[in-house]
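S.K.: Mind having a look at this structure? Questions to follow.
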Amino acid sequence: MREIVHIQAGQCGNQIGAKFWEVISDEHGIDPVSKINENINQLDILNLI
C-alpha cells in the first residue's frame, strides 16, 4: 500500500488541496462521504490503485 503525505498552507494551498482530493476521490470512485461509488467498475480503475 502506498501512502500520500499532503500539506496545505494558506488560502491558495487550501483551494488547491481541496481540488486535489476531489480529483483523487473521483479517480478512485469514492464519494464525498468516503464511500465507494458502486456505479464505477472497479476493474476500470485497477491500475490507479
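Ligands are numbered from 1 in the order shown, residues from 1 within each chain, and chains are lettered A, B, ... in the order they appear in the C-alpha cells.
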Would you mind listing what lies within 10 Å of region 1-7 of chain A as a list of chain:residue names, with only C-alpha atoms counted and same-chain residues fewer than 5 positions away left out?

M.R.: A:Gly13, A:Asn14, A:Gly17, A:Phe20, A:Trp21, A:Ile49

S.K.: Any idea what the distance is between CA of Cys12 (chain A) and CA of Asp26 (chain A)?

M.R.: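 Taking CA of Cys12 (chain A) and CA of Asp26 (chain A), their separation equals 21.3 Å.
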